[in-house]
file run-v2.txt (compact mmCIF, C-alpha atoms and all ligand atoms)
# COMPACT_ATOMS: atom_id res chain seq x y z
CA MET A 1 21.14 -20.52 -18.39
CA SER A 2 18.89 -19.67 -21.33
CA SER A 3 17.62 -16.09 -21.12
CA GLU A 4 14.96 -16.27 -23.71
CA VAL A 5 11.87 -14.38 -22.67
CA VAL A 6 8.56 -15.92 -23.64
CA MET A 7 5.24 -14.15 -23.68
CA VAL A 8 2.45 -16.17 -22.06
CA LYS A 9 -1.18 -15.23 -21.52
CA ALA A 10 -1.66 -14.72 -17.78
CA GLY A 11 -4.60 -17.12 -17.68
CA ASP A 12 -2.52 -19.89 -19.30
CA LEU A 13 0.61 -19.42 -17.23
CA LEU A 14 -0.59 -21.21 -14.11
CA ARG A 15 -1.88 -24.12 -16.19
CA SER A 16 1.49 -24.44 -17.99
CA TYR A 17 3.59 -23.95 -14.84
CA PRO A 18 1.52 -25.18 -11.87
CA THR A 19 4.53 -25.03 -9.50
CA LEU A 20 4.35 -21.24 -9.76
CA LEU A 21 1.36 -21.20 -7.43
CA GLU A 22 3.41 -22.73 -4.63
CA LYS A 23 6.65 -20.89 -5.33
CA GLU A 24 5.26 -17.40 -5.97
CA PRO A 25 1.72 -17.19 -4.52
CA GLY A 26 1.71 -13.37 -4.75
CA PHE A 27 2.56 -13.37 -8.44
CA ALA A 28 0.12 -16.26 -9.08
CA LYS A 29 -2.69 -14.20 -7.51
CA VAL A 30 -1.90 -11.32 -9.86
CA LEU A 31 -2.06 -13.69 -12.85
CA VAL A 32 -5.49 -14.95 -11.79
CA GLY A 33 -6.78 -11.37 -11.83
CA ALA A 34 -5.17 -10.58 -15.21
CA GLN A 35 -6.53 -13.40 -17.35
CA ASP A 36 -6.14 -11.66 -20.73
CA GLY A 37 -2.91 -9.83 -19.99
CA TYR A 38 0.48 -11.16 -21.04
CA ALA A 39 3.29 -12.07 -18.70
CA TYR A 40 6.92 -12.16 -19.82
CA VAL A 41 8.77 -15.09 -18.30
CA VAL A 42 11.99 -16.99 -18.76
CA ASP A 43 11.44 -20.67 -19.55
CA HIS A 44 14.21 -22.84 -18.15
CA GLY A 45 13.53 -26.52 -18.84
CA GLY A 46 9.84 -26.36 -17.97
CA GLU A 47 10.41 -24.16 -14.90
CA ILE A 48 10.12 -20.41 -14.84
CA PRO A 49 12.67 -18.82 -12.52
CA CYS A 50 11.66 -15.21 -13.15
CA GLY A 51 9.09 -13.12 -14.93
CA ALA A 52 7.14 -9.85 -15.01
CA ILE A 53 3.75 -8.47 -15.98
CA CYS A 54 2.31 -4.94 -16.23
CA ILE A 55 -1.37 -4.33 -15.47
CA ARG A 56 -3.31 -1.12 -15.95
CA LYS A 57 -4.52 0.55 -12.76
CA GLU A 58 -8.10 1.44 -13.61
CA TRP A 59 -8.91 3.73 -10.71
CA ASP A 60 -5.60 5.62 -10.62
CA SER A 61 -5.55 6.12 -14.40
CA SER A 62 -9.00 7.61 -14.40
CA PHE A 63 -8.46 9.77 -11.27
CA PHE A 64 -5.03 11.21 -12.21
CA GLU A 65 -5.94 11.39 -15.92
CA ARG A 66 -2.67 9.65 -16.76
CA GLU A 67 -2.26 6.08 -17.92
CA ILE A 68 -0.83 4.31 -14.85
CA PHE A 69 0.17 0.64 -14.74
CA ASP A 70 1.55 -1.65 -12.03
CA LEU A 71 4.61 -3.81 -12.59
CA TYR A 72 4.73 -7.17 -10.78
CA ALA A 73 7.98 -9.12 -10.98
CA PHE A 74 9.35 -12.26 -9.34
CA LEU A 75 12.77 -13.81 -9.02
CA ASP A 76 13.09 -17.35 -7.74
CA ASN A 77 15.20 -17.53 -4.58
CA GLU A 78 16.60 -14.06 -5.22
CA ALA A 79 19.27 -15.74 -7.37
CA VAL A 80 21.90 -13.20 -8.49
CA GLN A 81 22.54 -15.04 -11.78
CA LEU A 82 18.85 -14.57 -12.65
CA GLN A 83 18.89 -10.79 -12.39
CA GLU A 84 19.88 -10.39 -16.05
CA PRO A 85 17.05 -12.66 -17.31
CA LEU A 86 14.66 -10.83 -14.94
CA LEU A 87 15.75 -7.50 -16.44
CA LEU A 88 14.88 -8.83 -19.90
CA SER A 89 11.45 -9.95 -18.63
CA ILE A 90 10.83 -6.55 -17.01
CA ASP A 91 11.94 -4.75 -20.19
CA SER A 92 9.48 -6.79 -22.25
CA ALA A 93 6.63 -6.13 -19.80
CA LEU A 94 7.46 -2.39 -19.84
CA GLN A 95 7.58 -2.27 -23.64
CA SER A 96 4.15 -3.84 -23.76
CA ALA A 97 2.80 -1.26 -21.27
CA TRP A 98 4.36 1.71 -23.15
CA SER A 99 2.87 0.37 -26.38
CA LYS A 100 -0.57 0.48 -24.69
CA GLY A 101 -0.05 4.15 -23.81
CA ALA A 102 1.32 3.83 -20.25
CA GLN A 103 2.69 7.12 -18.92
CA CYS A 104 3.78 5.91 -15.49
CA ILE A 105 4.42 2.49 -14.01
CA PHE A 106 4.36 1.78 -10.26
CA ALA A 107 6.01 -1.18 -8.55
CA ARG A 108 5.75 -2.24 -4.91
CA VAL A 109 8.36 -4.76 -3.80
CA PRO A 110 8.96 -6.31 -0.36
CA LEU A 111 12.19 -4.91 1.08
CA GLU A 112 13.77 -8.33 1.50
CA ARG A 113 13.48 -8.92 -2.27
CA MET A 114 16.67 -7.00 -2.92
CA GLY A 115 17.31 -8.70 -6.28
CA VAL A 116 13.94 -7.58 -7.62
CA ILE A 117 14.43 -4.04 -6.25
CA ARG A 118 17.92 -3.78 -7.76
CA THR A 119 16.73 -5.07 -11.12
CA THR A 120 13.70 -2.78 -11.11
CA GLU A 121 16.05 0.15 -10.43
CA ARG A 122 18.28 -0.99 -13.29
CA ALA A 123 15.20 -0.77 -15.52
CA GLY A 124 15.02 2.95 -14.59
CA PHE A 125 12.60 2.99 -11.60
CA ARG A 126 13.14 5.29 -8.60
CA THR A 127 11.97 4.83 -5.01
CA TYR A 128 9.25 7.21 -3.75
CA ASP A 129 8.38 5.69 -0.39
CA VAL A 130 9.00 2.79 1.96
CA ILE A 131 5.86 1.26 3.44
CA CYS A 132 5.90 -0.25 6.91
CA ARG A 133 3.20 -2.83 7.74
CA LEU A 134 2.16 -3.31 11.33
CA GLN A 135 -0.13 -5.79 12.98
CA ARG A 136 -1.81 -5.69 16.34
CA THR A 137 -0.78 -8.68 18.34
CA ASN A 138 -2.45 -9.76 21.56
CA ARG A 139 0.34 -8.12 23.49
CA ARG A 140 -1.09 -6.32 26.51
CA VAL A 141 -0.74 -2.59 26.07
CA LYS A 142 0.12 -0.10 28.79
CA LEU A 143 -3.45 0.88 29.64
CA GLY A 144 -2.11 3.61 31.88
CA SER A 145 -0.89 5.50 28.83
CA TYR A 146 -4.26 5.08 27.16
CA HIS A 147 -7.07 7.59 26.94
CA SER A 148 -10.70 6.49 27.06
CA SER A 149 -12.51 6.33 23.71
CA ASP A 150 -15.75 7.87 25.09
CA SER A 151 -15.39 11.00 22.97
CA VAL A 152 -15.28 8.98 19.76
CA ARG A 153 -18.42 8.17 17.77
CA GLU A 154 -19.32 6.55 14.49
CA ALA A 155 -19.42 8.99 11.53
CA ARG A 156 -22.78 9.95 9.99
CA GLU A 157 -23.78 11.07 6.49
CA THR A 158 -23.69 14.71 7.65
CA ASP A 159 -19.98 14.30 8.56
CA VAL A 160 -18.86 13.28 5.08
CA TRP A 161 -17.81 16.71 3.76
CA SER A 162 -15.87 17.53 6.94
CA LEU A 163 -14.15 14.15 6.63
CA VAL A 164 -13.28 14.90 3.00
CA SER A 165 -11.91 18.30 3.97
CA LEU A 166 -9.74 16.90 6.79
CA ALA A 167 -8.45 13.98 4.69
CA SER A 168 -7.58 16.35 1.83
CA SER A 169 -5.14 18.28 3.98
CA ALA A 170 -3.68 15.69 6.36
CA PHE A 171 -1.31 13.52 4.32
CA GLY A 172 2.00 14.22 2.62
CA LEU A 173 4.55 11.44 3.05
CA ASP A 174 3.06 8.94 0.59
CA HIS A 175 4.48 8.17 -2.85
CA PHE A 176 1.82 10.30 -4.60
CA HIS A 177 2.82 13.43 -2.66
CA GLN A 178 6.53 12.63 -2.94
CA ASP A 179 6.47 12.38 -6.74
CA LEU A 180 6.62 15.93 -8.09
CA GLU A 181 5.15 14.75 -11.36
CA ILE A 182 1.83 14.41 -9.49
CA SER A 183 0.38 17.72 -8.34
CA LYS A 184 -0.16 18.26 -4.62
CA ASP A 185 -3.79 19.20 -5.31
CA ALA A 186 -4.42 15.89 -7.06
CA ALA A 187 -2.67 13.88 -4.31
CA ASP A 188 -4.66 15.76 -1.62
CA ALA A 189 -7.93 15.26 -3.49
CA MET A 190 -7.24 11.54 -3.76
CA TYR A 191 -7.38 11.23 0.03
CA GLY A 192 -10.67 13.13 0.08
CA ILE A 193 -12.18 10.70 -2.39
CA TRP A 194 -10.64 7.75 -0.57
CA ILE A 195 -12.30 8.63 2.77
CA ARG A 196 -15.61 9.32 1.01
CA ASN A 197 -15.47 5.91 -0.70
CA LEU A 198 -14.53 4.17 2.56
CA PHE A 199 -17.47 5.86 4.31
CA HIS A 200 -19.83 4.39 1.71
CA GLU A 201 -18.20 0.96 1.69
CA GLN A 202 -20.37 -1.56 3.48
CA ALA A 203 -17.52 -3.47 5.09
CA CYS A 204 -15.95 -0.29 6.45
CA ARG A 205 -16.76 1.84 9.50
CA VAL A 206 -15.48 5.35 10.13
CA PHE A 207 -15.07 6.76 13.65
CA ILE A 208 -14.57 10.40 14.48
CA HIS A 209 -13.35 12.40 17.44
CA GLU A 210 -15.33 15.61 17.82
CA ILE A 211 -13.79 18.71 19.35
CA ASP A 212 -16.03 21.79 19.78
CA HIS A 213 -18.58 20.23 17.41
CA LYS A 214 -15.95 19.88 14.69
CA ILE A 215 -14.14 16.76 13.52
CA GLY A 216 -10.75 16.67 15.23
CA GLY A 217 -9.73 13.35 13.76
CA PHE A 218 -10.98 10.13 12.19
CA VAL A 219 -10.03 6.50 11.76
CA THR A 220 -11.39 3.87 9.37
CA LEU A 221 -11.87 0.18 10.17
CA ARG A 222 -12.51 -2.27 7.36
CA GLU A 223 -13.23 -5.99 7.61
CA ALA A 224 -10.59 -7.88 5.67
CA PRO A 225 -11.15 -11.66 5.70
CA ASP A 226 -8.17 -13.62 6.97
CA GLU A 227 -6.94 -15.78 4.09
CA LEU A 228 -5.16 -18.17 6.44
CA ASP A 229 -7.74 -18.48 9.19
CA ALA A 230 -11.35 -17.86 8.13
CA LYS A 231 -12.62 -18.24 11.72
CA ARG A 232 -10.45 -15.46 13.07
CA PRO A 233 -11.78 -11.98 12.28
CA LYS A 234 -9.35 -9.60 10.68
CA TYR A 235 -9.55 -5.86 10.16
CA HIS A 236 -7.57 -3.23 8.32
CA ILE A 237 -7.09 0.45 9.14
CA ASP A 238 -6.88 2.26 5.81
CA LEU A 239 -6.64 5.81 7.11
CA ILE A 240 -6.19 7.68 10.37
CA ALA A 241 -5.75 11.44 10.54
CA VAL A 242 -5.93 14.19 13.13
CA ASP A 243 -6.44 17.86 12.33
CA GLU A 244 -3.04 19.56 12.49
CA LYS A 245 -4.08 21.95 15.26
CA HIS A 246 -5.15 19.07 17.53
CA ARG A 247 -2.16 16.80 17.01
CA ARG A 248 -0.12 15.50 19.91
CA SER A 249 -2.99 15.85 22.38
CA GLY A 250 -4.10 12.22 22.50
CA VAL A 251 -6.74 12.25 19.72
CA GLY A 252 -4.94 9.57 17.65
CA ARG A 253 -4.65 7.40 20.76
CA ARG A 254 -8.36 7.72 21.52
CA LEU A 255 -9.26 6.80 17.94
CA LEU A 256 -7.06 3.71 18.05
CA ARG A 257 -8.49 2.82 21.41
CA LYS A 258 -11.97 2.92 19.86
CA VAL A 259 -11.12 0.51 17.04
CA THR A 260 -9.33 -1.91 19.35
CA ASP A 261 -12.33 -1.81 21.73
CA GLU A 262 -14.69 -2.47 18.80
CA VAL A 263 -12.96 -5.54 17.39
CA GLY A 264 -12.09 -7.34 20.61
CA ARG A 265 -8.86 -8.81 21.85
CA ASP A 266 -8.59 -11.82 19.51
CA SER A 267 -9.12 -10.04 16.22
CA ARG A 268 -6.18 -9.13 14.10
CA ILE A 269 -5.84 -5.55 12.89
CA ASP A 270 -3.28 -4.51 10.35
CA VAL A 271 -2.24 -1.14 9.08
CA ALA A 272 0.39 0.32 6.76
CA THR A 273 2.15 3.65 6.85
CA GLN A 274 5.30 5.24 5.49
CA ALA A 275 8.49 4.17 7.30
CA SER A 276 9.29 7.92 7.47
CA ASN A 277 6.07 8.55 9.44
CA LEU A 278 7.65 8.41 12.86
CA GLY A 279 4.59 9.87 14.61
CA ALA A 280 2.22 7.23 13.21
CA ILE A 281 4.65 4.36 13.84
CA ARG A 282 5.15 5.42 17.46
CA LEU A 283 1.39 5.75 17.87
CA TYR A 284 0.82 2.18 16.60
CA LEU A 285 3.68 0.64 18.58
CA ASP A 286 2.34 2.31 21.69
CA ALA A 287 -1.10 0.80 21.00
CA GLY A 288 0.21 -2.78 20.86
CA PHE A 289 1.02 -3.09 17.15
CA SER A 290 4.26 -4.68 15.94
CA ILE A 291 6.12 -4.07 12.70
CA CYS A 292 5.86 -7.11 10.44
CA SER A 293 7.26 -6.08 7.04
CA TYR A 294 8.51 -3.30 4.79
CA SER A 295 8.08 -2.72 1.08
CA VAL A 296 9.40 -0.19 -1.37
CA THR A 297 7.27 1.82 -3.83
CA LEU A 298 8.97 2.71 -7.10
CA HIS A 299 7.79 4.77 -10.08
CA LEU A 300 8.96 4.96 -13.66
CA TRP A 301 7.63 7.76 -15.87
CA HIS A 302 7.85 7.41 -19.60
CA ARG A 303 9.86 10.65 -19.83
CA ASP A 304 12.39 9.26 -17.28
CA LEU A 305 13.69 6.79 -19.81
CA SER A 306 15.94 9.05 -21.86
CA ALA A 307 17.17 11.06 -18.83
CA SER A 308 17.90 8.14 -16.48
CA GLY A 309 20.41 6.33 -18.67
CA ALA A 310 18.13 3.29 -18.85
CA ARG A 311 18.32 1.35 -22.08
CA TYR A 312 15.62 3.11 -24.10
C1 LIG A 401 -0.22 10.14 13.08
C2 LIG A 401 -1.33 10.98 13.73
C3 LIG A 401 -2.68 10.33 13.39
C4 LIG A 401 -1.13 10.98 15.25
O1 LIG A 401 -2.24 11.59 15.87
P1 LIG A 401 -2.10 12.46 17.22
O2 LIG A 401 -3.46 12.75 17.71
O3 LIG A 401 -1.19 13.60 17.00
O4 LIG A 401 -1.40 11.38 18.19
P2 LIG A 401 -1.46 11.38 19.79
O5 LIG A 401 -1.43 12.77 20.31
O6 LIG A 401 -2.57 10.51 20.23
O7 LIG A 401 -0.06 10.71 20.11
C5 LIG A 401 0.07 9.41 20.65
C6 LIG A 401 1.51 8.98 20.58
O8 LIG A 401 1.92 8.83 19.21
C7 LIG A 401 3.28 9.28 19.06
N1 LIG A 401 3.32 10.49 18.21
C8 LIG A 401 2.25 11.12 17.65
N2 LIG A 401 2.69 12.14 16.88
C9 LIG A 401 4.04 12.14 16.95
C10 LIG A 401 5.05 12.93 16.36
N3 LIG A 401 4.78 13.97 15.54
N4 LIG A 401 6.34 12.64 16.63
C11 LIG A 401 6.65 11.62 17.44
N5 LIG A 401 5.74 10.83 18.05
C12 LIG A 401 4.44 11.08 17.80
C13 LIG A 401 3.80 9.61 20.45
O9 LIG A 401 4.29 8.41 20.98
C14 LIG A 401 2.50 10.01 21.13
O10 LIG A 401 2.58 9.86 22.52
P3 LIG A 401 3.17 11.08 23.41
O11 LIG A 401 2.54 12.35 22.92
O12 LIG A 401 2.73 10.70 24.79
O13 LIG A 401 4.65 11.06 23.20
C15 LIG A 401 -1.29 12.47 13.25
O14 LIG A 401 0.03 12.94 13.40
C16 LIG A 401 -1.72 12.67 11.81
O15 LIG A 401 -2.89 12.88 11.53
N6 LIG A 401 -0.76 12.63 10.85
C17 LIG A 401 -1.08 12.85 9.44
C18 LIG A 401 -1.85 11.68 8.84
C19 LIG A 401 -1.03 10.41 8.94
O16 LIG A 401 0.17 10.42 8.72
N7 LIG A 401 -1.71 9.28 9.24
C20 LIG A 401 -1.06 8.00 9.42
C21 LIG A 401 -0.95 7.22 8.17
S1 LIG A 401 -2.50 6.52 7.61
call {"tool": "encode", "arguments": {"input": "run-v2.txt", "output": "structure tokens"}}
result
Amino acid sequence: MSSEVVMVKAGDLLRSYPTLLEKEPGFAKVLVGAQDGYAYVVDHGGEIPCGAICIRKEWDSSFFEREIFDLYAFLDNEAVQLQEPLLLSIDSALQSAWSKGAQCIFARVPLERMGVIRTTERAGFRTYDVICRLQRTNRRVKLGSYHSSDSVREARETDVWSLVSLASSAFGLDHFHQDLEISKDAADAMYGIWIRNLFHEQACRVFIHEIDHKIGGFVTLREAPDELDAKRPKYHIDLIAVDEKHRRSGVGRRLLRKVTDEVGRDSRIDVATQASNLGAIRLYLDAGFSICSYSVTLHLWHRDLSASGARY
């Protein structure tokens, strides 16, 4: 098989290879959003069996004051014989990102895409977390184990700084905190800004559990239109956190109870957390959620290249 990598403008790629939309809808969506960027693909008789593109992450680059890009890669049918051509495509996409000043590149790959993960690792990337996605099904939950959500109310403007303070100290298992190249202060602050932004987002509601007039925990609930079924409401929980001193006393359960009460039985709710976050996963499973997929988050820092034995 020819392994020649061609550089194609993202906006032109779908026009030149319309079958890509059907075969790799995730990658096709990325191309639509990256009109002027360049993808690096292998052309094999008018078909493209693998390819890669790097896109600058605007928000992360500005917040962490480092140039951060995302790598998206695809490999048709996970074919082993295509891993070498994919590596060439990834290398080309990386070179283009480094030449634009990238300092770190992130990649998030579904766990079942082992060929892409292996090839991304061969390019020098290392895994920093495994994300577990869960979805609430209509499965009846054990109401007996449930606490009432009466003590939970919607957050108000005057709660914002307490929310920021709680969010800035509650998280630690994510790929930002796990990568020592990113300071803990910056990773903590990111959660503070995240909850503040969610509070001000129109499609998002924030609920809090008050204990002794202080915020003991919060949960966010954002409307996220269902791409497959527009008539069926869908929601996403971006963040849930309980103050360390109130953990394991049912606050998380009450918060989840509130959001499930709010959206009704037929609405879908999805949520993602680290696979290592046993407490959160047990909380969700107990509340009627089921695990639906896993993905791996990898990072490659520019300085890693000489130390890791990768080809640069
Ligand atoms: C995950 C979190 C929200 C749970 O809140 P909580 O108020 O402590 O949870 P609850 O007391 O309501 O616990 C409900 C159930 O969840 C499970 N659970 C919660 N914490 C757990 C832990 N540390 N270990 C094992 N199971 C745990 C248990 O099944 C528990 O039921 P049980 O106490 O009857 O065994 C809290 O630990 C937290 O804020 N963690 C940091 C932030 C975070 O990781 N958020 C999730 C990702 S967005």
call {"tool": "atom_distance", "arguments": {"input": "run-v2.txt", "atom1": "atom CA of A:Thr297", "atom2": "atom CA of A:Pro110"}}
result
9.0 Å
call {"tool": "residues_near_point", "arguments": {"input": "run-v2.txt", "point": "(11.8, -10.5, -9.9)", "cutoff": "9 Å", "atoms": "all atoms listed in the file", "output": "ChimeraX atom specification"}}
result
/A:49-52,72-76,78,82-83,86-87,89-90,113,115-117,119-120
call {"tool": "atom_distance", "arguments": {"input": "run-v2.txt", "atom1": "atom CA of A:Gln135", "atom2": "atom CA of A:Ile281"}}
result
11.3 Å
call {"tool": "closest_residue", "arguments": {"input": "run-v2.txt", "among": "A:Val296, A:Leu166, A:Val41, A:Leu88", "to": "ligand LIG 401 (chain A)", "atoms": "all atoms listed in the file"}}
result
A:Leu166
call {"tool": "residues_around", "arguments": {"input": "run-v2.txt", "residues": "stretch 208-215 of chain A", "least_positions_apart": "2", "cutoff": "8 Å", "atoms": "only C-alpha atoms", "output": "MDAnalysis selection string"}}
result
chainID A and resid 151:155 162:163 206 217:219 243 251 254:255
call {"tool": "write_last_selection", "arguments": {"input": "run-v2.txt", "atoms": "C-alpha atoms", "output": "short mmCIF file (atom, residue, chain, number, x, y, z; two decimals), in the coordinates of the input"}}
result
data_model
loop_
_atom_site.label_atom_id
_atom_site.label_comp_id
_atom_site.auth_asym_id
_atom_site.auth_seq_id
_atom_site.Cartn_x
_atom_site.Cartn_y
_atom_site.Cartn_z
CA SER A 151 -15.39 11.00 22.97
CA VAL A 152 -15.28 8.98 19.76
CA ARG A 153 -18.42 8.17 17.77
CA GLU A 154 -19.32 6.55 14.49
CA ALA A 155 -19.42 8.99 11.53
CA SER A 162 -15.87 17.53 6.94
CA LEU A 163 -14.15 14.15 6.63
CA VAL A 206 -15.48 5.35 10.13
CA GLY A 217 -9.73 13.35 13.76
CA PHE A 218 -10.98 10.13 12.19
CA VAL A 219 -10.03 6.50 11.76
CA ASP A 243 -6.44 17.86 12.33
CA VAL A 251 -6.74 12.25 19.72
CA ARG A 254 -8.36 7.72 21.52
CA LEU A 255 -9.26 6.80 17.94
#
call {"tool": "closest_residue", "arguments": {"input": "run-v2.txt", "among": "A:Ile269, A:Leu71, A:Ala34, A:Ile291", "to": "A:Asp91", "atoms": "only C-alpha atoms"}}
result
A:Leu71
call {"tool": "residues_around", "arguments": {"input": "run-v2.txt", "residues": "A:Val259", "least_positions_apart": "6", "cutoff": "9 Å", "atoms": "all atoms listed in the file", "output": "list in words"}}
result
Ser149, Phe207, Val219, Thr220, Leu221 and Ile237 of chain A
call {"tool": "write_last_selection", "arguments": {"input": "run-v2.txt", "atoms": "C-alpha atoms", "output": "PDB file, keeping the file's coordinate frame"}}
result
ATOM      1  CA  SER A 149     -12.510   6.330  23.710  1.00  0.00           C
ATOM      2  CA  PHE A 207     -15.070   6.760  13.650  1.00  0.00           C
ATOM      3  CA  VAL A 219     -10.030   6.500  11.760  1.00  0.00           C
ATOM      4  CA  THR A 220     -11.390   3.870   9.370  1.00  0.00           C
ATOM      5  CA  LEU A 221     -11.870   0.180  10.170  1.00  0.00           C
ATOM      6  CA  ILE A 237      -7.090   0.450   9.140  1.00  0.00           C
TER       7      ILE A 237
END
call {"tool": "closest_residue", "arguments": {"input": "run-v2.txt", "among": "A:Phe171, A:Trp301, A:Phe289, A:Phe199", "to": "ligand LIG 401 (chain A)", "atoms": "only C-alpha atoms and all ligand atoms"}}
result
A:Phe171
call {"tool": "residues_near_ligand", "arguments": {"input": "run-v2.txt", "ligand": "ligand LIG 401 (chain A)", "cutoff": "6 Å", "atoms": "all atoms listed in the file", "output": "VMD selection string"}}
result
chain A and resid 170 to 171 239 to 242 247 to 253 273 278 to 280 282 to 283
call {"tool": "closest_residue", "arguments": {"input": "run-v2.txt", "among": "A:Gln103, A:Ser267, A:Ser168, A:Gln81", "to": "A:Tyr191", "atoms": "only C-alpha atoms"}}
result
A:Ser168
call {"tool": "atom_distance", "arguments": {"input": "run-v2.txt", "atom1": "atom CA of A:Arg118", "atom2": "atom CA of A:Glu65"}}
result
29.4 Å
call {"tool": "residues_near_point", "arguments": {"input": "run-v2.txt", "point": "(6.8, -20.1, -23.4)", "cutoff": "10 Å", "atoms": "all atoms listed in the file", "output": "list of chain:residue names"}}
result
A:Glu4, A:Val5, A:Val6, A:Met7, A:Val8, A:Lys9, A:Leu13, A:Ser16, A:Tyr17, A:Ala39, A:Tyr40, A:Val41, A:Val42, A:Asp43, A:His44, A:Gly46, A:Ile48
call {"tool": "residues_around", "arguments": {"input": "run-v2.txt", "residues": "A:Asn197", "least_positions_apart": "6", "cutoff": "10 Å", "atoms": "all atoms listed in the file", "output": "list in words"}}
result
Val160, Val164, Tyr191 and Cys204 of chain A
call {"tool": "residues_around", "arguments": {"input": "run-v2.txt", "residues": "stretch 175-183 of chain A", "least_positions_apart": "4", "cutoff": "8 Å", "atoms": "all atoms listed in the file", "output": "PyMOL selection string"}}
result
chain A and resi 128-129+187-188+297
call {"tool": "write_last_selection", "arguments": {"input": "run-v2.txt", "atoms": "C-alpha atoms", "output": "PDB file, in the coordinates of the input"}}
result
ATOM      1  CA  TYR A 128       9.250   7.210  -3.750  1.00  0.00           C
ATOM      2  CA  ASP A 129       8.380   5.690  -0.390  1.00  0.00           C
ATOM      3  CA  ALA A 187      -2.670  13.880  -4.310  1.00  0.00           C
ATOM      4  CA  ASP A 188      -4.660  15.760  -1.620  1.00  0.00           C
ATOM      5  CA  THR A 297       7.270   1.820  -3.830  1.00  0.00           C
TER       6      THR A 297
END
call {"tool": "build_atoms", "arguments": {"input": "run-v2.txt", "residues": "stretch 69-82 of chain A", "atoms": "N, CA and C atoms", "output": "PDB file, in the coordinates of the input"}}
result
ATOM      1  N   PHE A  69       0.164   2.109 -14.796  1.00  0.00           N
ATOM      2  CA  PHE A  69       0.170   0.640 -14.740  1.00  0.00           C
ATOM      3  C   PHE A  69       0.958   0.215 -13.501  1.00  0.00           C
ATOM      4  N   ASP A  70       0.732  -1.036 -13.080  1.00  0.00           N
ATOM      5  CA  ASP A  70       1.550  -1.650 -12.030  1.00  0.00           C
ATOM      6  C   ASP A  70       2.470  -2.673 -12.662  1.00  0.00           C
ATOM      7  N   LEU A  71       3.702  -2.733 -12.170  1.00  0.00           N
ATOM      8  CA  LEU A  71       4.610  -3.810 -12.590  1.00  0.00           C
ATOM      9  C   LEU A  71       4.704  -4.821 -11.443  1.00  0.00           C
ATOM     10  N   TYR A  72       4.506  -6.095 -11.757  1.00  0.00           N
ATOM     11  CA  TYR A  72       4.730  -7.170 -10.780  1.00  0.00           C
ATOM     12  C   TYR A  72       5.865  -8.030 -11.325  1.00  0.00           C
ATOM     13  N   ALA A  73       6.861  -8.317 -10.499  1.00  0.00           N
ATOM     14  CA  ALA A  73       7.980  -9.120 -10.980  1.00  0.00           C
ATOM     15  C   ALA A  73       8.339 -10.157  -9.918  1.00  0.00           C
ATOM     16  N   PHE A  74       8.866 -11.291 -10.335  1.00  0.00           N
ATOM     17  CA  PHE A  74       9.350 -12.260  -9.340  1.00  0.00           C
ATOM     18  C   PHE A  74      10.672 -12.841  -9.788  1.00  0.00           C
ATOM     19  N   LEU A  75      11.420 -13.297  -8.786  1.00  0.00           N
ATOM     20  CA  LEU A  75      12.770 -13.810  -9.020  1.00  0.00           C
ATOM     21  C   LEU A  75      12.966 -14.959  -8.046  1.00  0.00           C
ATOM     22  N   ASP A  76      13.028 -16.165  -8.587  1.00  0.00           N
ATOM     23  CA  ASP A  76      13.090 -17.350  -7.740  1.00  0.00           C
ATOM     24  C   ASP A  76      14.322 -17.308  -6.833  1.00  0.00           C
ATOM     25  N   ASN A  77      14.100 -17.453  -5.563  1.00  0.00           N
ATOM     26  CA  ASN A  77      15.200 -17.530  -4.580  1.00  0.00           C
ATOM     27  C   ASN A  77      16.161 -16.344  -4.618  1.00  0.00           C
ATOM     28  N   GLU A  78      15.740 -15.251  -5.192  1.00  0.00           N
ATOM     29  CA  GLU A  78      16.600 -14.060  -5.220  1.00  0.00           C
ATOM     30  C   GLU A  78      17.956 -14.340  -5.883  1.00  0.00           C
ATOM     31  N   ALA A  79      17.982 -15.311  -6.809  1.00  0.00           N
ATOM     32  CA  ALA A  79      19.270 -15.740  -7.370  1.00  0.00           C
ATOM     33  C   ALA A  79      19.922 -14.627  -8.193  1.00  0.00           C
ATOM     34  N   VAL A  80      21.184 -14.309  -7.837  1.00  0.00           N
ATOM     35  CA  VAL A  80      21.900 -13.200  -8.490  1.00  0.00           C
ATOM     36  C   VAL A  80      22.035 -13.470  -9.996  1.00  0.00           C
ATOM     37  N   GLN A  81      22.318 -14.739 -10.352  1.00  0.00           N
ATOM     38  CA  GLN A  81      22.540 -15.040 -11.780  1.00  0.00           C
ATOM     39  C   GLN A  81      21.262 -14.889 -12.611  1.00  0.00           C
ATOM     40  N   LEU A  82      20.117 -14.724 -11.909  1.00  0.00           N
ATOM     41  CA  LEU A  82      18.850 -14.570 -12.650  1.00  0.00           C
ATOM     42  C   LEU A  82      18.469 -13.101 -12.836  1.00  0.00           C
TER      43      LEU A  82
END
